[in-house]
Amino acid sequence: MKISLGGVWTLTDINEPEKLNISAKVPGSLYSAMLDAGLMADPYYRENEFISTDISDRDVCFERSFDVPEEMQGSDRLQGADRLLLDFKGIDTIAEVVLNGTVLGSTANMHREYVYDVTDIVMPAGNVLKVNIFSPLRYIREKNEKEPLWGVASTVAGFPHIRKAHYMYGWDWGPKLPDMGIWRDVFLRSVKGGVIDGVYVRQEHSRADEGVVTLSVEVTAGHICSESLSAKAVITCPDGNVLEAAAKFNGGRKVTLEFTVENAQLWYPRGYGEQPLYALAVTLYDGDIEADCHRENIGLRTVYVSQTPDAEGDGREFAFVVNGIKIFAMGANYIPEDQIISRCSPDKTARLLKQCAMANFNMIRVWGGGFYPDDSFYDACDRLGLLVWQDFMFACAVYRADVEFCANVKQEIIDNVKRLRNHPSLAMWCGNNEIESMWQYWGIDADPEYKKDYLRLFEALIPKVLDFYDPVTFYHPSSPSSGGGFIDSGANNKGDSHYWAVWHSLRPFTDYYSYKFRFCSEYGFESIPSIKTVRRFAEKEDLNLMSPVMEAHQKCEAGNEKIMYYLAQMSHYPYTFKGLIYATQMVQSDAVRLNVEHMRRNRGECMGSLYWQVNDSNPVISWSSIDYYHRWKALHYAAKKFYAPVLISADGEDKDNIRLNISSERREEFSAVIRWRSRMNTGEVIMQGMEDVTVKPLSAEDFITLTPENTGISPDMRDKAYIEFTVIEKGVRLSSGTFMFVQPKSFRFADPELKIAAVDMGRKFKIVVSAKAFAKSVCLELRDGDCLFSDNWFDLHGDTAGVYVSKAKLPAGITCEELAKSIRAVSYYDAVYPHDVVYPHDVVYPHTACVN
């Protein structure tokens with residue numbers, strides 16, 4: 001039995017209790033409690049971050065009293081249980097736990113679970129539990145004065161000294177808000193006989209082609225206080241069939257239960273098959289009495305990373321292989337969803353991951369500078385078919401791997417590996433973010449002796465722990481890496497790559513074509529979020545990219561300068577702030593799209609794309625495709641298209657020979673038609689053609705080459721003519737695209753005169769958008785409120801398009817006419833040409849959920 005000790009606690013300042021004595025929710029934090037009490041300004045508003053950071057200089061005490069339920073008590077003292085355990089799922093970070101005046105222990109790792117045996121300390125009633133949490137700012141300051149450790153810029157110096165989510169100390173997309181608190185739940189557990197300390201499911205698929213999978217369920221017991229322990233496991237199959245097995249421990253700590261699953265239904269990543277889940281329930285018995293129970297869902301699948309050497313040369317592939325299929329991984333990097341963790345929730349996470357699935361993701365990378373997500377994150381990935389690339393929580397820093405630090409990290413790894421290892425979505429473990437390449441290429445100011453500590457942590461300690469607790473899941477020592485040992489960690493022909501020459505080094509987008517990455521796990525481009533999001537942190541007078549408030553919400557060094565540099569290469573100057581937002585989002589989506597299309601055209605050599613980043617932790621100018629309030633940027637709508645199972649794209653590096661390529665992640669061959677048209681800026685067709693094609697499974701192939709002769713576009717027409725193309729299967733458009741010979745700023749656009757109409761389709765409205773000329777990147781937006789459109793940021797060619805929106809997110813009873821008037825349609829021509837347009841900057845937009 002267990003009871004939660006979460007709920008309302010008392011929070012006081014240890015040194016000056018008269019200055020802080022308030023109620024606090026647990027799970028929760030100092031910041032969340034002070035915000036709830038009205039004692040702290042919103043740190044995301046304007047420049048409030050800079051007055052908020054120092055709040056973490058104080059020491060605080062979380063305190064509550066509790067009674068022990070009668071079910072846990074006996075007539076003599078507390079004989080109803082053999083032991084009572086106090087279980088903290090997460091304390092952030094440097095703390096001392098005190099129960100009834102007795103110090104139970106200290107904590108120094110946010111990423112660990114802390115369990116204390118309190119059998120001889122707890123009383124039937126009137127127990128007083130205190131958690132004294134000490135300043136994380138002062139802790140790293142004092143440590144760093146004695147031994148400076150290098151950490152990435154834009155952070156508080158010294159953060160590598162503490163096992164705390166690094167992003168809390170700032171990042172190039174996040175503010176410096178090093179919060180503190182009891183961030184996960186607290187439980188009082190009664191132990192009768194023992195507890196389940198771990199469940200590990202091993203799978204044998206040698207007969208999977210016959211529909212048979214063998215499972216070995218290893219059950220480990222802890223806090224054993226009985227010699228009559230046994231374990232029983234029950235597996236409920238998707239078809240309702242139930243399998244059972246049981247075994248006695250016979251004085252040991254581990255038993256293994258064997259299962260043979262007939263008619264096995266395999267779990268696949270999204271786009272390659274279904275995601276059937278098997279319900280596993282493991283029960284621990286002390287004789288006939290239930291002592292503990294563990295429940296989780298499992299999926300039957302094999303997954304590993306193939307690194308087969310090239311037939312020629314010194315390269316090798318980096319491909320995820322699931323159930324024998326080499327998949328093209330498509331997704332993005334995930335960062336913590338809020339700087340104040342208590343604002344995160346399973347529902348919010350599920351909404352975000354659903355939006356990833358809506359954009360055809362099949363993988364998500366949990367970046368190493370945050371924290372290990374809650375179980376609900378992985379449960380959602382299991383259901384949605386999103387493979388998880390899981391970093392351990394180390395990023396862009398130098399660590400002192402002494403005996404104490406290594407012991408602390410070892411237990412952190414054990415706790416999280418045991419918690420996550422059975423999820424079918426878990427595809428790999430990765431030691432850290434960018435630390436190996438940092439040592440090789442960044443020229444950091446750090447003692448080279450610390451490189452030995454790097455090897456001790458990531459190429460000795462962590463692999464050794466994984467060999468014991470999860471020897472099956474692939475381990476990659478760093479990202480990027482070619483396999484470790486500081487050997488070619490930045491290579492493009494093996495391992496994974498982080499490519500930042502576009503953006504940080506101001507390279508043109510055509511630089512993507514110089515590389516054939518084997519797996520690109522980081523690359524990206526910044527944009528400004530929606531005006532609705534900006535107006536949540538900025539006032540009307542702040543709406544200038546170079547204002548102090550906007551610069552406070554730009555954490556990347558010289559980020560605004562880079563935005564303007566790339567805009568100058570591609571776009572007309574936007575004459576309004578809203579036009580600037582539009583232009584940055586258009587350029588961001590085009591940048592990422594070009595790289596994805598290039599990588600997918602090279603399927604076989606390249607086998608994965610994870611752009612940086614899908615989400616934000618605060619309202620900020622960043623690389624995200626979905627902003628803090630879950631509003632989709634142009635990039636996320638583009639991802640839905642460039643991550644589609646079938647993609648047609650144009651390789652126009654040679655403008656005299658434009659190759660139309662189809663890349664397919666379908667597992668079966670199919671027949672289709674490619675249709676292309678060369679057009680004038682008015683949308684008028686110059687020439688056109690169609691070709692029947694047969695697309696092979698899991699392939700990328702060039703099918704048509706377009707030249708000046710068969711398009712009718714001579715070099716002197718390239719500033720007013722373009723090509724649009726589509727792949728069609730049985731009358732259904734699978735994918736389409738537009739190829740422009742010049743950048744948008746050099747193209748002679750005609751006024752498309754966009755028009756909007758709405759048609760009632762029952763549960764949805766169909767929005768009909770029409771244009772009289774070529775309209776690039778048509779953006780639809782509700783003037784008030786939020787919704788998701790079935791398509792957005794699309795091109796029109798002097799024609800019409802229909803997109804859909806659910807009525808569920810619109811005002812009840814809205815008519816077609818009212819809806820049409822409430823939608824603003826803006827193309828590149830409308831957004832950046834010098835029109836006399838007034839935008840309602842002074843409207844305050846409330847936060848509303850955006851998932852239909």
# chains A, B, ... in the order shown; residues from 1 in each chain; ligands from 1
>>> closest_atom_pairs(of="segment 456-559 of chain A", to="segment 360-369 of chain A", cutoff="10 Å", atoms="only C-alpha atoms", output="tab-separated table")
residue	atom	partner	partner_atom	distance
A:Ser478	CA	A:Gly368	CA	9.9
A:Ser479	CA	A:Gly368	CA	9.5
A:Ser521	CA	A:Arg365	CA	8.2
A:Glu522	CA	A:Arg365	CA	9.7
>>> residues_around(residues="Glu684 of chain A", least_positions_apart="3", cutoff="12 Å", atoms="only C-alpha atoms", output="PyMOL selection string")
chain A and resi 677-681+687-688+720-724+750+772-774+796-799
>>> write_last_selection(atoms="N, CA and C atoms", output="mmCIF file, in the first residue's frame")
data_model
loop_
_atom_site.group_PDB
_atom_site.id
_atom_site.type_symbol
_atom_site.label_atom_id
_atom_site.label_comp_id
_atom_site.auth_asym_id
_atom_site.auth_seq_id
_atom_site.Cartn_x
_atom_site.Cartn_y
_atom_site.Cartn_z
ATOM 1 N N ARG A 677 3.991 21.422 -64.077
ATOM 2 C CA ARG A 677 3.620 22.555 -64.917
ATOM 3 C C ARG A 677 4.634 23.668 -64.698
ATOM 4 N N SER A 678 5.102 24.260 -65.788
ATOM 5 C CA SER A 678 5.864 25.507 -65.680
ATOM 6 C C SER A 678 4.869 26.647 -65.827
ATOM 7 N N ARG A 679 5.040 27.680 -64.988
ATOM 8 C CA ARG A 679 4.040 28.745 -64.925
ATOM 9 C C ARG A 679 4.711 30.119 -64.898
ATOM 10 N N MET A 680 3.945 31.119 -65.311
ATOM 11 C CA MET A 680 4.328 32.507 -65.129
ATOM 12 C C MET A 680 3.876 32.977 -63.746
ATOM 13 N N ASN A 681 4.363 34.158 -63.343
ATOM 14 C CA ASN A 681 3.987 34.689 -62.030
ATOM 15 C C ASN A 681 2.485 34.909 -61.901
ATOM 16 N N MET A 687 4.178 25.365 -69.996
ATOM 17 C CA MET A 687 4.233 24.004 -70.520
ATOM 18 C C MET A 687 3.876 23.061 -69.379
ATOM 19 N N GLN A 688 3.502 21.837 -69.735
ATOM 20 C CA GLN A 688 3.146 20.870 -68.707
ATOM 21 C C GLN A 688 3.402 19.465 -69.203
ATOM 22 N N LYS A 720 10.427 35.523 -63.123
ATOM 23 C CA LYS A 720 8.971 35.642 -63.206
ATOM 24 C C LYS A 720 8.296 34.343 -63.650
ATOM 25 N N ALA A 721 9.045 33.245 -63.632
ATOM 26 C CA ALA A 721 8.475 31.938 -63.965
ATOM 27 C C ALA A 721 8.980 30.898 -62.968
ATOM 28 N N TYR A 722 8.204 29.845 -62.810
ATOM 29 C CA TYR A 722 8.545 28.827 -61.817
ATOM 30 C C TYR A 722 7.907 27.508 -62.225
ATOM 31 N N ILE A 723 8.135 26.473 -61.438
ATOM 32 C CA ILE A 723 7.603 25.139 -61.736
ATOM 33 C C ILE A 723 6.847 24.620 -60.513
ATOM 34 N N GLU A 724 5.676 24.066 -60.755
ATOM 35 C CA GLU A 724 4.965 23.357 -59.674
ATOM 36 C C GLU A 724 4.788 21.906 -60.102
ATOM 37 N N ALA A 750 3.112 38.926 -58.843
ATOM 38 C CA ALA A 750 1.903 39.688 -59.150
ATOM 39 C C ALA A 750 0.983 39.623 -57.933
ATOM 40 N N LYS A 772 -5.615 34.937 -57.738
ATOM 41 C CA LYS A 772 -5.629 35.266 -59.157
ATOM 42 C C LYS A 772 -4.246 35.142 -59.797
ATOM 43 N N ALA A 773 -3.214 34.917 -58.949
ATOM 44 C CA ALA A 773 -1.847 34.774 -59.457
ATOM 45 C C ALA A 773 -1.087 33.866 -58.500
ATOM 46 N N PHE A 774 0.169 33.614 -58.822
ATOM 47 C CA PHE A 774 0.999 32.798 -57.946
ATOM 48 C C PHE A 774 1.096 33.453 -56.570
ATOM 49 N N LEU A 796 -0.385 28.771 -53.843
ATOM 50 C CA LEU A 796 -1.478 28.763 -54.813
ATOM 51 C C LEU A 796 -0.943 29.240 -56.167
ATOM 52 N N HIS A 797 -1.577 28.769 -57.243
ATOM 53 C CA HIS A 797 -1.054 29.017 -58.582
ATOM 54 C C HIS A 797 -2.123 29.652 -59.460
ATOM 55 N N GLY A 798 -2.738 30.718 -58.935
ATOM 56 C CA GLY A 798 -3.827 31.334 -59.658
ATOM 57 C C GLY A 798 -5.076 30.478 -59.612
ATOM 58 N N ASP A 799 -5.173 29.622 -58.577
ATOM 59 C CA ASP A 799 -6.283 28.686 -58.466
ATOM 60 C C ASP A 799 -6.858 28.733 -57.051
#
>>> closest_residue(among="A:Val60, A:Leu257, A:Leu384, A:Val201", to="Asn422 of chain A", atoms="only C-alpha atoms")
A:Val201
>>> residues_around(residues="Leu387 of chain A", least_positions_apart="6", cutoff="10 Å", atoms="only C-alpha atoms", output="MDAnalysis selection string")
chainID A and resid 268:270 303 320 322 329:331 361:365 378 381 423:428
>>> residues_around(residues="Ser154 of chain A", least_positions_apart="2", cutoff="7 Å", atoms="only C-alpha atoms", output="JSON, numbers by chain")
{"A": [152, 170, 171, 172]}
>>> residues_around(residues="segment 496-499 of chain A", least_positions_apart="6", cutoff="6 Å", atoms="only C-alpha atoms", output="JSON, numbers by chain")
{"A": [480, 481, 519, 520, 521, 522, 523]}
>>> atom_distance(atom1="atom CA of Tyr469 of chain A", atom2="atom CA of Glu262 of chain A")
27.2 Å
>>> decode(residues="segment 558-606 of chain A", atoms="C-alpha atoms", output="mmCIF file, in the first residue's frame")
data_model
loop_
_atom_site.group_PDB
_atom_site.id
_atom_site.type_symbol
_atom_site.label_atom_id
_atom_site.label_comp_id
_atom_site.auth_asym_id
_atom_site.auth_seq_id
_atom_site.Cartn_x
_atom_site.Cartn_y
_atom_site.Cartn_z
ATOM 1 C CA ALA A 558 23.803 37.623 -32.302
ATOM 2 C CA GLY A 559 20.559 35.820 -33.059
ATOM 3 C CA ASN A 560 18.662 38.851 -34.291
ATOM 4 C CA GLU A 561 21.582 39.843 -36.466
ATOM 5 C CA LYS A 562 21.526 36.370 -38.047
ATOM 6 C CA ILE A 563 17.804 36.609 -38.648
ATOM 7 C CA MET A 564 18.279 39.907 -40.456
ATOM 8 C CA TYR A 565 21.298 38.617 -42.383
ATOM 9 C CA TYR A 566 19.336 35.729 -43.852
ATOM 10 C CA LEU A 567 16.289 37.892 -44.490
ATOM 11 C CA ALA A 568 18.501 40.203 -46.519
ATOM 12 C CA GLN A 569 19.529 37.253 -48.688
ATOM 13 C CA MET A 570 15.987 35.999 -49.294
ATOM 14 C CA SER A 571 13.250 38.489 -48.645
ATOM 15 C CA HIS A 572 12.039 42.005 -49.227
ATOM 16 C CA TYR A 573 12.277 44.174 -46.144
ATOM 17 C CA PRO A 574 9.099 43.693 -44.078
ATOM 18 C CA TYR A 575 7.510 47.061 -43.358
ATOM 19 C CA THR A 576 5.500 45.881 -40.348
ATOM 20 C CA PHE A 577 6.368 43.845 -37.290
ATOM 21 C CA LYS A 578 3.733 41.314 -38.303
ATOM 22 C CA GLY A 579 5.382 41.176 -41.724
ATOM 23 C CA LEU A 580 8.707 40.509 -40.022
ATOM 24 C CA ILE A 581 7.208 37.593 -38.103
ATOM 25 C CA TYR A 582 5.794 36.193 -41.332
ATOM 26 C CA ALA A 583 9.119 36.529 -43.154
ATOM 27 C CA THR A 584 11.167 34.836 -40.427
ATOM 28 C CA GLN A 585 8.768 31.897 -40.289
ATOM 29 C CA MET A 586 8.778 31.543 -44.071
ATOM 30 C CA VAL A 587 12.586 31.565 -44.201
ATOM 31 C CA GLN A 588 12.828 29.112 -41.291
ATOM 32 C CA SER A 589 10.475 26.614 -42.933
ATOM 33 C CA ASP A 590 12.247 26.915 -46.303
ATOM 34 C CA ALA A 591 15.644 26.388 -44.671
ATOM 35 C CA VAL A 592 14.687 23.202 -42.884
ATOM 36 C CA ARG A 593 12.619 21.933 -45.806
ATOM 37 C CA LEU A 594 15.565 22.214 -48.197
ATOM 38 C CA ASN A 595 17.755 20.091 -45.942
ATOM 39 C CA VAL A 596 15.074 17.466 -45.296
ATOM 40 C CA GLU A 597 14.293 17.135 -48.999
ATOM 41 C CA HIS A 598 17.999 16.802 -49.760
ATOM 42 C CA MET A 599 18.450 14.102 -47.113
ATOM 43 C CA ARG A 600 15.361 12.175 -48.176
ATOM 44 C CA ARG A 601 16.522 12.244 -51.811
ATOM 45 C CA ASN A 602 19.657 10.526 -50.546
ATOM 46 C CA ARG A 603 17.840 7.776 -48.648
ATOM 47 C CA GLY A 604 20.201 4.870 -48.153
ATOM 48 C CA GLU A 605 23.177 7.077 -47.458
ATOM 49 C CA CYS A 606 21.247 9.361 -45.109
#
